[in-house]
Amino acid sequence: MAQDPLQVTRIVAEGTSGYKPRKLLDIFRDALRVKHYSPRTEDTYIDWAREYILFHNKRHPSEMGVPEINQFLAHLASERRVSASTQNQAMSAILFLYRHVLQIQLDESALAEFRPHRSKVVPTVLSKDEVRRVILHLAGVHKIIAQVMYGGGLRVMETLRLRVKDIDFDNHQIIVRDGKGGDDRVTILPDSLIAPLKLHLGQVKLTHETDLQKGFGSVYLPQALDQKYTAANAEWIWQYVFPAAELSVDPRTRVTRRHHLHETAVQRAVREAARAAKIGKHVTPHTFRHSFATHLLQNGYDIRTVQELLGHKDVKTTMIYTHVLQRGGLAVKSPLDS
């Protein structure tokens, strides 16, 4: 049986004569990479583990357990007043540390009372006219990104991580790779977006060719693909549809590459467009996805179809959009209108 690569790392770090033991958080980062967690989740989990340790005056986690975890979670809830989702995220990070790094089995049932249930929140949805007005106040690449999110129901990071090969013009579809939950799915490529998207990709290809001429032009690929297709990172089909304006150094590999646009730029552009359009609602990029689902249901599409396009594992998640239809979830007419 093959040895656990994390366990081998720990043996080397702790048992080799003359070898300086590695820091716990470095071993934690290795474990997250072995499990193929995203760089974003990796950084977030590391931050939570660090906060947990600092909260208990730098005690080693192996010397602590359920009581100390409960104290930390209670601190987050009562003193820092974090949201339920943030508290759950902190707990997940700490549990990962104990399960996969320290390999300590905790009595997780004793943590149940500190795992809050997220309250049901009705999402903000724009009318079709409001969507049109917001998009009219966007320009350039931000406009196309908003049209992709609304036209296909994509999350902002799903949109920014699209590769050239994921746009299927002939079949009028977009393939979302490794979406939330790790699954792939197929969604809609609107007919009205084909021409502007092709024009945009033509400009992106020129940038890529210039990068190649300057000795750059590679793009990040997941580790398994990078090892299997060693030259693929410079191929056109693997490039990001929405690349960043500047080259940057990959913090993991120290390779200079062109990454995708950062989501904060999109968030800022959407916020400013909503303000310019005088929309009296809290509008974020995710609002386009909410509006996509609601408008499909308004148009009479089956909820299972909408569930598949959104990539929800449980139809109950999709059901939230029935509560924001013009006539309510059960199409009930108010007695005031009778």
# chains A, B, ... in the order shown; residues from 1 in each chain; ligands from 1
>>> select_by_dssp(residues="segment 84-134 of chain A", states="alpha helix (DSSP H)", output="ChimeraX atom specification")
/A:84-96,128-134
>>> write_last_selection(atoms="N, CA and C atoms", output="PDB file, in the first residue's frame")
ATOM      1  N   ALA A  84     -23.029  33.223  10.081  1.00  0.00           N
ATOM      2  CA  ALA A  84     -23.092  31.763  10.235  1.00  0.00           C
ATOM      3  C   ALA A  84     -22.164  31.071   9.246  1.00  0.00           C
ATOM      4  N   SER A  85     -22.115  31.566   8.006  1.00  0.00           N
ATOM      5  CA  SER A  85     -21.269  30.929   6.992  1.00  0.00           C
ATOM      6  C   SER A  85     -19.788  31.079   7.338  1.00  0.00           C
ATOM      7  N   THR A  86     -19.407  32.232   7.889  1.00  0.00           N
ATOM      8  CA  THR A  86     -18.018  32.446   8.286  1.00  0.00           C
ATOM      9  C   THR A  86     -17.641  31.545   9.453  1.00  0.00           C
ATOM     10  N   GLN A  87     -18.554  31.391  10.405  1.00  0.00           N
ATOM     11  CA  GLN A  87     -18.292  30.514  11.548  1.00  0.00           C
ATOM     12  C   GLN A  87     -18.152  29.068  11.097  1.00  0.00           C
ATOM     13  N   ASN A  88     -18.991  28.652  10.167  1.00  0.00           N
ATOM     14  CA  ASN A  88     -18.894  27.293   9.622  1.00  0.00           C
ATOM     15  C   ASN A  88     -17.575  27.087   8.892  1.00  0.00           C
ATOM     16  N   GLN A  89     -17.148  28.121   8.177  1.00  0.00           N
ATOM     17  CA  GLN A  89     -15.878  28.040   7.451  1.00  0.00           C
ATOM     18  C   GLN A  89     -14.709  27.855   8.410  1.00  0.00           C
ATOM     19  N   ALA A  90     -14.724  28.617   9.523  1.00  0.00           N
ATOM     20  CA  ALA A  90     -13.668  28.498  10.527  1.00  0.00           C
ATOM     21  C   ALA A  90     -13.642  27.094  11.118  1.00  0.00           C
ATOM     22  N   MET A  91     -14.830  26.550  11.415  1.00  0.00           N
ATOM     23  CA  MET A  91     -14.890  25.202  11.977  1.00  0.00           C
ATOM     24  C   MET A  91     -14.354  24.174  10.988  1.00  0.00           C
ATOM     25  N   SER A  92     -14.723  24.314   9.716  1.00  0.00           N
ATOM     26  CA  SER A  92     -14.251  23.362   8.694  1.00  0.00           C
ATOM     27  C   SER A  92     -12.732  23.385   8.588  1.00  0.00           C
ATOM     28  N   ALA A  93     -12.145  24.580   8.659  1.00  0.00           N
ATOM     29  CA  ALA A  93     -10.684  24.691   8.585  1.00  0.00           C
ATOM     30  C   ALA A  93     -10.017  23.994   9.761  1.00  0.00           C
ATOM     31  N   ILE A  94     -10.551  24.205  10.963  1.00  0.00           N
ATOM     32  CA  ILE A  94      -9.952  23.604  12.163  1.00  0.00           C
ATOM     33  C   ILE A  94     -10.129  22.088  12.155  1.00  0.00           C
ATOM     34  N   LEU A  95     -11.299  21.629  11.726  1.00  0.00           N
ATOM     35  CA  LEU A  95     -11.518  20.178  11.647  1.00  0.00           C
ATOM     36  C   LEU A  95     -10.585  19.541  10.635  1.00  0.00           C
ATOM     37  N   PHE A  96     -10.321  20.217   9.511  1.00  0.00           N
ATOM     38  CA  PHE A  96      -9.369  19.701   8.521  1.00  0.00           C
ATOM     39  C   PHE A  96      -7.991  19.557   9.160  1.00  0.00           C
ATOM     40  N   LYS A 128     -36.040  42.297 -15.552  1.00  0.00           N
ATOM     41  CA  LYS A 128     -35.354  42.263 -16.844  1.00  0.00           C
ATOM     42  C   LYS A 128     -34.930  43.665 -17.267  1.00  0.00           C
ATOM     43  N   ASP A 129     -35.762  44.644 -16.995  1.00  0.00           N
ATOM     44  CA  ASP A 129     -35.412  46.022 -17.342  1.00  0.00           C
ATOM     45  C   ASP A 129     -34.233  46.511 -16.509  1.00  0.00           C
ATOM     46  N   GLU A 130     -34.199  46.151 -15.227  1.00  0.00           N
ATOM     47  CA  GLU A 130     -33.084  46.560 -14.375  1.00  0.00           C
ATOM     48  C   GLU A 130     -31.775  45.920 -14.823  1.00  0.00           C
ATOM     49  N   VAL A 131     -31.831  44.650 -15.227  1.00  0.00           N
ATOM     50  CA  VAL A 131     -30.631  43.991 -15.754  1.00  0.00           C
ATOM     51  C   VAL A 131     -30.127  44.742 -16.976  1.00  0.00           C
ATOM     52  N   ARG A 132     -31.055  45.069 -17.883  1.00  0.00           N
ATOM     53  CA  ARG A 132     -30.688  45.783 -19.104  1.00  0.00           C
ATOM     54  C   ARG A 132     -30.029  47.118 -18.777  1.00  0.00           C
ATOM     55  N   ARG A 133     -30.574  47.830 -17.801  1.00  0.00           N
ATOM     56  CA  ARG A 133     -30.038  49.145 -17.432  1.00  0.00           C
ATOM     57  C   ARG A 133     -28.632  49.035 -16.818  1.00  0.00           C
ATOM     58  N   VAL A 134     -28.420  48.032 -15.967  1.00  0.00           N
ATOM     59  CA  VAL A 134     -27.092  47.856 -15.376  1.00  0.00           C
ATOM     60  C   VAL A 134     -26.072  47.526 -16.460  1.00  0.00           C
TER      61      VAL A 134
END
>>> select_by_dssp(residues="segment 243-300 of chain A", states="strand (DSSP E)", output="VMD selection string")
chain A and resid 248 to 249 256 to 257
>>> residues_around(residues="Leu309 of chain A", least_positions_apart="4", cutoff="10 Å", atoms="only C-alpha atoms", output="list in words")
Gly152, Gly153, Leu154, Val176, Arg185, Val186, Thr187, Ile188, Phe292, Ala293, Ile303, Arg304 and Thr305 of chain A
>>> residues_around(residues="Ile237 of chain A", least_positions_apart="3", cutoff="9 Å", atoms="only C-alpha atoms", output="list in words")
Arg163, Val164, Lys165, Asp166, Ala232, Ala234 and Tyr240 of chain A
>>> closest_residue(among="A:Val283, A:Leu310, A:Val156, A:Ile53", to="Thr124 of chain A", atoms="only C-alpha atoms")
A:Val283
>>> atom_distance(atom1="atom CA of Gly151 of chain A", atom2="atom CA of Ser218 of chain A")
29.3 Å
>>> closest_residue(among="A:Ile175, A:Leu212, A:Val148, A:Val204", to="Gly311 of chain A", atoms="only C-alpha atoms")
A:Ile175
>>> residues_around(residues="Ile145 of chain A", least_positions_apart="2", cutoff="10 Å", atoms="only C-alpha atoms", output="PyMOL selection string")
chain A and resi 135+138-143+147-151+154+156+159-160+197+241-242+266+285
>>> write_last_selection(atoms="C-alpha atoms", output="compact mmCIF listing (two decimals), in the first residue's frame")
# COMPACT_ATOMS: atom_id res chain seq x y z
CA ILE A 135 -25.48 46.22 -18.41
CA LEU A 138 -20.98 48.64 -18.19
CA ALA A 139 -18.34 48.77 -20.92
CA GLY A 140 -15.64 46.62 -22.45
CA VAL A 141 -14.71 43.35 -20.82
CA HIS A 142 -16.85 44.02 -17.73
CA LYS A 143 -19.94 44.25 -19.92
CA GLN A 147 -23.66 39.23 -20.00
CA VAL A 148 -22.07 35.80 -19.52
CA MET A 149 -23.14 35.68 -15.85
CA TYR A 150 -26.71 36.72 -16.62
CA GLY A 151 -26.96 34.84 -19.92
CA LEU A 154 -22.52 31.58 -13.91
CA VAL A 156 -18.30 35.35 -10.97
CA THR A 159 -16.82 33.14 -15.38
CA LEU A 160 -13.32 34.43 -14.71
CA LEU A 197 -17.42 37.23 -27.50
CA VAL A 241 -11.18 34.01 -21.73
CA PHE A 242 -10.86 37.02 -19.42
CA VAL A 266 -15.76 43.04 -11.62
CA PRO A 285 -22.12 40.09 -9.69
>>> closest_residue(among="A:Gln239, A:Thr230, A:Leu189, A:His172", to="Glu209 of chain A", atoms="only C-alpha atoms")
A:Gln239
>>> atom_distance(atom1="atom CA of His259 of chain A", atom2="atom CA of Lys205 of chain A")
14.3 Å
